[in-house]
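Asker: Take this structure, written in structure tokens, and hold onto it; I'll ask about it next.
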Amino acid sequence: MITKVTSWLGQFIRQFMVLVAMSFIAACAGPQETGAAPYAAYVMDARTGETLYSENADTRLHPASLTKMMTLYITFQEIEAGRLSLDSMVTVSKNAAAQPPSRLGLKAGQKIQVRYLIRAAAVKSANDAAAALGDAIGGDKDKFAARMTRTAKKLGMANSTFKNANGLTAQGHLSTAHDMAILGRHLFYDFPQYYNIFSRRSTDAGMATVQNTNRRFLDKYPGADGIKTGFTVPAGFNLTASAERNGVRIIATVFGGTSTDMRNAKMADLLDLGFAKAKRNVTVQPPVPARPADEELVASNAPMAADDVDEDLPEVEGGAGKTLRVVMAPAASQRPLSRPDHETVAAASEQVDAIADSIASAVAEAAAPPPEPATLDAQALEVAAAQPLEPPLPLEQVLADVAAVETVAAAEVPAPLRVTAKTEVAPVALMETSVRPAKRRAPIYDDPVPEQLAAAEVEPQQEVVTQVSTSGGRHWGINIGRYNSWSQADKVLMKTQLSEGETLGQSLRKIVQKSGGYDANFLGLGQQEAERACLRLQAKGMECFTLGPG
């Protein structure tokens with residue numbers, strides 16, 4: 001009897017254990033089948049902000065490391081305002097050092113340059129680097145997160161709230177596919193001098209050379225040049241990407257991908273859809289940036305709730321926190337809100353802002369130390385001193401000039417038309433390596449400046465005679481960006497012509513003033529020359545698109 005009871009009890013226990021094990025397996029498997037991250041997608045024409053496609057795009061979801069785009073945006077604001085520089089030394093906080101992977105490997109108390117933290121956060125998506133930037137700027141995690149949320153509202157990101165600098169899952173840390181596309185557009189237009197960092201396949205982050213988490217998509221999709229990936233289990237595989245083809249730029253965001261391959265394939269489909277639906281020959285309408293001076297001055301003069309106050313930026317070794325630059329030469333004037341239906345007043349305000357930006361830029365450049373010898377900056381200054389560039393022409397005048405040239409080129413003439421054009425430099429041998437510009441508003445390049453450029457004799461007021469084809473072939477040009485001041489556009493044009501003498505040596509430099517800034521253009525190129533020049537500049541991480549006749 002005892003034997004039977006023991007046998008029955010053993011069988012019951014075995015069956016009970018099997019039942020418990022099956023229940024445990026089902027409980028573990030259940031969430032994987034039903035708890036996949038929600039999917040969302042959004043496609044935008046970056047030139048105008050027009051929505052081209054939207055699916056679940058305004059649903060608040062986990063952004064994961066797409067968050068770091070906001071951390072970098074605020075960092076660029078601080079650099080623009082003069083409170084930080086790329087060479088500022090940041091002391092790594094305990095909070096930053098304690099962040100989980102992906103990591104650069106920072107240690108509490110370590111000092112590291114801002115430029116390396118930017119590279120690690122943008123390219124490797126390093127959580128500790130993003131947290132170090134946030135803690136240095138905001139004072140601690142919570143204060144920086146509050147600033148992130150305020151900045152998001154200024155940018156039009158109506159459904160985003162942030163709780164940390166790196167995007168690790170936290171209650172209330174949410175955004176949308178639509179909002180992240182808006183943020184990507186602002187990064188491209190508000191800080192074009194830094195945007196190239198998102199296209200680097202690898203970069204020197206000070207402590208190590210890091211690889212881009214988005215390199216597979218960048219290598220595979222034609223025209224892709226950024227910008228940020230993200231992944232956590234609750235978020236899924238996220239990506240905000242931008243691509244440019246024939247002067248059309250599309251920005252798209254995917255939330256909730258099930259794998260890297262699925263996310264990349266879906267992003268390629270979305271960008272293809274965007275290029276197919278985007279209008280041609282539209283007027284570029286850059287977004288209005290969230291100026292750092294606006295936020296900081298308002299925060300210091302207006303009463304605010306206790307949980308919405310930013311403390312002053314803590315002092316960092318090598319920073320500019322104790323200079324008078326912010327007071328004496330603001331990076332941008334505060335722009336008053338235009339009154340409804342008063343277009344003339346709004347236009348006048350934009351003109352005043354442009355003048356103020358130019359004055360501020362000139363004062364900062366005059367106060368800056370001279371560039372080191374044998375650099376493109378030094379050569380640009382010498383050329384500018386010998387022969388300053390003509391004043392910028394209004395857009396209407398440039399279009400009239402192009403139309404006049406087309407009329408002459410179309411006429412039947414017995415001999416080729418010869419046009420005399422003033423240029424500042426003789427063609428310079430092509431440089432294959434990336435060059436680091438001056439510290440102020442400089443792109444984040446990895447390679448050191450070469451000690452010597454190819455020899456080129458700069459003759460003041462040198463006159464070069466170029467022959468323009470009567471077949472209408474040299475009516476093309478390229479645009480290499482829009483800048484806040486005429487002097488900044490001038491410097492970029494001059495440095496680019498120095499480094500790309502082979503393709504741009506005989507082109508004409510033109511600065512066209514628009515409501516959103518100063519367009520830097522090279523005109524007088526053939527179609528193939530323009531396309532080749534853009535390919536070379538884009539390979540170096542610079543913005544470039546071609547300008548066709550008319």
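Following the order of the structure tokens, first chain is A, next is B, and so on, with residues numbered from 1 inside each chain and ligands from 1 in the order they appear.
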Give me the residues of range 56-150 of chain A that have any atom at most 7 Å from an atom of range 182-198 of chain A; for each, the nearest atom pair and the distance in Å, rounded to one decimal. Use only C-alpha atoms, sort by chain and number, and format it as CSV.
Answerer:
residue,atom,partner,partner_atom,distance
A:Tyr73,CA,A:Leu187,CA,6.5
A:Arg119,CA,A:Ile197,CA,7.0
A:Ala122,CA,A:Phe198,CA,6.2
A:Val123,CA,A:Phe198,CA,6.3
Asker: Restrict the selected residues to N, CA, C and O atoms and save them as a PDB file, in the first residue's frame.
Answerer:
ATOM      1  N   TYR A  73      21.645  68.495 -30.879  1.00  0.00           N
ATOM      2  CA  TYR A  73      21.114  69.798 -31.294  1.00  0.00           C
ATOM      3  C   TYR A  73      21.399  70.850 -30.225  1.00  0.00           C
ATOM      4  O   TYR A  73      21.861  71.956 -30.523  1.00  0.00           O
ATOM      5  N   ARG A 119      31.234  63.088 -31.514  1.00  0.00           N
ATOM      6  CA  ARG A 119      31.469  62.003 -32.471  1.00  0.00           C
ATOM      7  C   ARG A 119      30.969  60.669 -31.936  1.00  0.00           C
ATOM      8  O   ARG A 119      30.332  59.896 -32.655  1.00  0.00           O
ATOM      9  N   ALA A 122      27.064  60.671 -31.918  1.00  0.00           N
ATOM     10  CA  ALA A 122      26.453  60.695 -33.245  1.00  0.00           C
ATOM     11  C   ALA A 122      26.746  59.438 -34.047  1.00  0.00           C
ATOM     12  O   ALA A 122      25.876  58.926 -34.754  1.00  0.00           O
ATOM     13  N   VAL A 123      27.963  58.937 -33.970  1.00  0.00           N
ATOM     14  CA  VAL A 123      28.398  57.835 -34.836  1.00  0.00           C
ATOM     15  C   VAL A 123      28.226  56.478 -34.161  1.00  0.00           C
ATOM     16  O   VAL A 123      27.608  55.571 -34.715  1.00  0.00           O
TER      17      VAL A 123
END
Asker: Counting only C-alpha atoms, which residues of range 159-243 of chain A fall within 8 Å of range 255-258 of chain A, and what is the closest atom pair for each with its distance in Å at one decimal, ordered by chain and rising number, as a tab-separated table?
Answerer:
residue	atom	partner	partner_atom	distance
A:Ala177	CA	A:Phe255	CA	6.4
A:Ala235	CA	A:Gly256	CA	5.8
A:Gly236	CA	A:Gly256	CA	4.4
A:Phe237	CA	A:Gly257	CA	4.4
A:Asn238	CA	A:Phe255	CA	4.6
A:Leu239	CA	A:Phe255	CA	6.8
Asker: Could you find all residues in range 133-201 of chain A that DSSP calls helix (DSSP H, G or I) from the backbone, and write them as an NGL selection string?
Answerer: :A and (133-138 or 141-155 or 177-190 or 192-199)
Asker: Given the selection you just returned, output its residues as a file containing N, CA and C atoms, formatted as a tab-separated table (two decimals), in the first residue's frame.
Answerer:
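See result.tsv below for the written result:
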chain	number	residue	atom	x	y	z
A	133	LEU	N	27.56	64.86	-22.19
A	133	LEU	CA	27.20	66.15	-22.76
A	133	LEU	C	26.01	66.76	-22.02
A	134	GLY	N	24.99	65.94	-21.76
A	134	GLY	CA	23.80	66.45	-21.08
A	134	GLY	C	24.10	66.95	-19.68
A	135	ASP	N	24.90	66.21	-18.93
A	135	ASP	CA	25.23	66.62	-17.56
A	135	ASP	C	26.09	67.87	-17.55
A	136	ALA	N	26.99	68.00	-18.53
A	136	ALA	CA	27.85	69.19	-18.59
A	136	ALA	C	27.06	70.44	-18.93
A	137	ILE	N	26.09	70.29	-19.80
A	137	ILE	CA	25.31	71.46	-20.24
A	137	ILE	C	24.21	71.80	-19.24
A	138	GLY	N	23.48	70.80	-18.78
A	138	GLY	CA	22.33	71.06	-17.92
A	138	GLY	C	22.63	71.06	-16.44
A	141	LYS	N	21.01	65.24	-15.02
A	141	LYS	CA	20.15	64.58	-16.01
A	141	LYS	C	18.78	65.23	-16.10
A	142	ASP	N	18.16	65.52	-14.97
A	142	ASP	CA	16.79	66.04	-14.98
A	142	ASP	C	16.71	67.44	-15.58
A	143	LYS	N	17.66	68.30	-15.22
A	143	LYS	CA	17.63	69.67	-15.75
A	143	LYS	C	17.85	69.66	-17.27
A	144	PHE	N	18.76	68.81	-17.73
A	144	PHE	CA	18.99	68.75	-19.17
A	144	PHE	C	17.76	68.19	-19.88
A	145	ALA	N	17.12	67.18	-19.30
A	145	ALA	CA	15.92	66.61	-19.91
A	145	ALA	C	14.81	67.65	-20.01
A	146	ALA	N	14.70	68.52	-19.00
A	146	ALA	CA	13.69	69.59	-19.06
A	146	ALA	C	13.99	70.54	-20.20
A	147	ARG	N	15.27	70.84	-20.40
A	147	ARG	CA	15.62	71.71	-21.52
A	147	ARG	C	15.34	71.02	-22.85
A	148	MET	N	15.59	69.73	-22.93
A	148	MET	CA	15.28	68.99	-24.16
A	148	MET	C	13.80	69.13	-24.52
A	149	THR	N	12.94	68.98	-23.52
A	149	THR	CA	11.50	69.07	-23.78
A	149	THR	C	11.11	70.48	-24.20
A	150	ARG	N	11.68	71.49	-23.55
A	150	ARG	CA	11.38	72.87	-23.95
A	150	ARG	C	11.85	73.15	-25.38
A	151	THR	N	13.05	72.67	-25.70
A	151	THR	CA	13.56	72.87	-27.06
A	151	THR	C	12.69	72.17	-28.08
A	152	ALA	N	12.21	70.98	-27.75
A	152	ALA	CA	11.33	70.26	-28.66
A	152	ALA	C	10.08	71.08	-28.98
A	153	LYS	N	9.51	71.69	-27.96
A	153	LYS	CA	8.30	72.50	-28.19
A	153	LYS	C	8.62	73.68	-29.10
A	154	LYS	N	9.78	74.31	-28.94
A	154	LYS	CA	10.17	75.43	-29.79
A	154	LYS	C	10.34	74.99	-31.25
A	155	LEU	N	10.76	73.75	-31.45
A	155	LEU	CA	10.99	73.25	-32.80
A	155	LEU	C	9.71	72.74	-33.46
A	177	ALA	N	7.22	59.48	-34.69
A	177	ALA	CA	7.95	59.46	-35.96
A	177	ALA	C	7.93	60.83	-36.62
A	178	HIS	N	6.81	61.51	-36.53
A	178	HIS	CA	6.69	62.86	-37.10
A	178	HIS	C	7.66	63.82	-36.42
A	179	ASP	N	7.69	63.81	-35.08
A	179	ASP	CA	8.56	64.73	-34.34
A	179	ASP	C	10.03	64.48	-34.65
A	180	MET	N	10.43	63.22	-34.77
A	180	MET	CA	11.84	62.93	-35.03
A	180	MET	C	12.26	63.35	-36.44
A	181	ALA	N	11.33	63.29	-37.38
A	181	ALA	CA	11.63	63.81	-38.72
A	181	ALA	C	11.80	65.33	-38.67
A	182	ILE	N	10.98	66.00	-37.87
A	182	ILE	CA	11.12	67.45	-37.69
A	182	ILE	C	12.50	67.77	-37.12
A	183	LEU	N	12.92	67.01	-36.11
A	183	LEU	CA	14.22	67.23	-35.50
A	183	LEU	C	15.36	66.99	-36.48
A	184	GLY	N	15.26	65.93	-37.28
A	184	GLY	CA	16.27	65.67	-38.29
A	184	GLY	C	16.38	66.81	-39.29
A	185	ARG	N	15.24	67.39	-39.67
A	185	ARG	CA	15.25	68.53	-40.60
A	185	ARG	C	15.93	69.74	-39.97
A	186	HIS	N	15.68	70.00	-38.72
A	186	HIS	CA	16.31	71.13	-38.05
A	186	HIS	C	17.82	70.93	-37.94
A	187	LEU	N	18.26	69.72	-37.66
A	187	LEU	CA	19.70	69.48	-37.60
A	187	LEU	C	20.35	69.78	-38.94
A	188	PHE	N	19.69	69.40	-40.03
A	188	PHE	CA	20.26	69.61	-41.35
A	188	PHE	C	20.33	71.10	-41.69
A	189	TYR	N	19.27	71.84	-41.44
A	189	TYR	CA	19.22	73.24	-41.84
A	189	TYR	C	19.81	74.19	-40.80
A	190	ASP	N	19.64	73.89	-39.53
A	190	ASP	CA	20.10	74.82	-38.49
A	190	ASP	C	21.60	74.72	-38.26
A	192	PRO	N	24.24	73.14	-40.55
A	192	PRO	CA	24.82	72.41	-41.69
A	192	PRO	C	26.31	72.17	-41.53
A	193	GLN	N	26.99	73.01	-40.74
A	193	GLN	CA	28.43	72.85	-40.57
A	193	GLN	C	28.78	71.60	-39.76
A	194	TYR	N	27.81	71.04	-39.04
A	194	TYR	CA	28.06	69.84	-38.24
A	194	TYR	C	27.37	68.61	-38.80
A	195	TYR	N	26.47	68.80	-39.76
A	195	TYR	CA	25.65	67.67	-40.22
A	195	TYR	C	26.49	66.54	-40.79
A	196	ASN	N	27.65	66.85	-41.37
A	196	ASN	CA	28.45	65.81	-42.02
A	196	ASN	C	28.88	64.70	-41.07
A	197	ILE	N	28.90	64.96	-39.77
A	197	ILE	CA	29.33	63.92	-38.82
A	197	ILE	C	28.44	62.70	-38.90
A	198	PHE	N	27.16	62.88	-39.26
A	198	PHE	CA	26.23	61.75	-39.31
A	198	PHE	C	26.48	60.83	-40.50
A	199	SER	N	27.28	61.27	-41.45
A	199	SER	CA	27.56	60.43	-42.62
A	199	SER	C	28.88	59.68	-42.50
Asker: If I take CA of Leu218 in chain A and CA of Leu117 in chain A, how far is one from the other in Å, to one decimal?
Answerer: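 Interatomic distance here is 21.8 Å.
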Asker: Give me, as a PyMOL selection string, all polymer residues having an atom no more than 9 Å from range 472-481 of chain A, counting only C-alpha atoms and skipping those fewer than 4 positions away in the same chain.
Answerer: chain A and resi 192-193+402+405-406+408-410+468+489+492-493+507-508+518-531+533-534+537+542-550
Asker: Go through A:Ile74, A:Ala276, A:Ile118, A:Val284 one by one, measure the shortest atom-to-atom distance of each to Leu86 in chain A using only C-alpha atoms, and give the residue with the smallest value.
Answerer: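 Looking only at the distances to Leu86 in chain A, the closest residue turns out to be A:Ile118.
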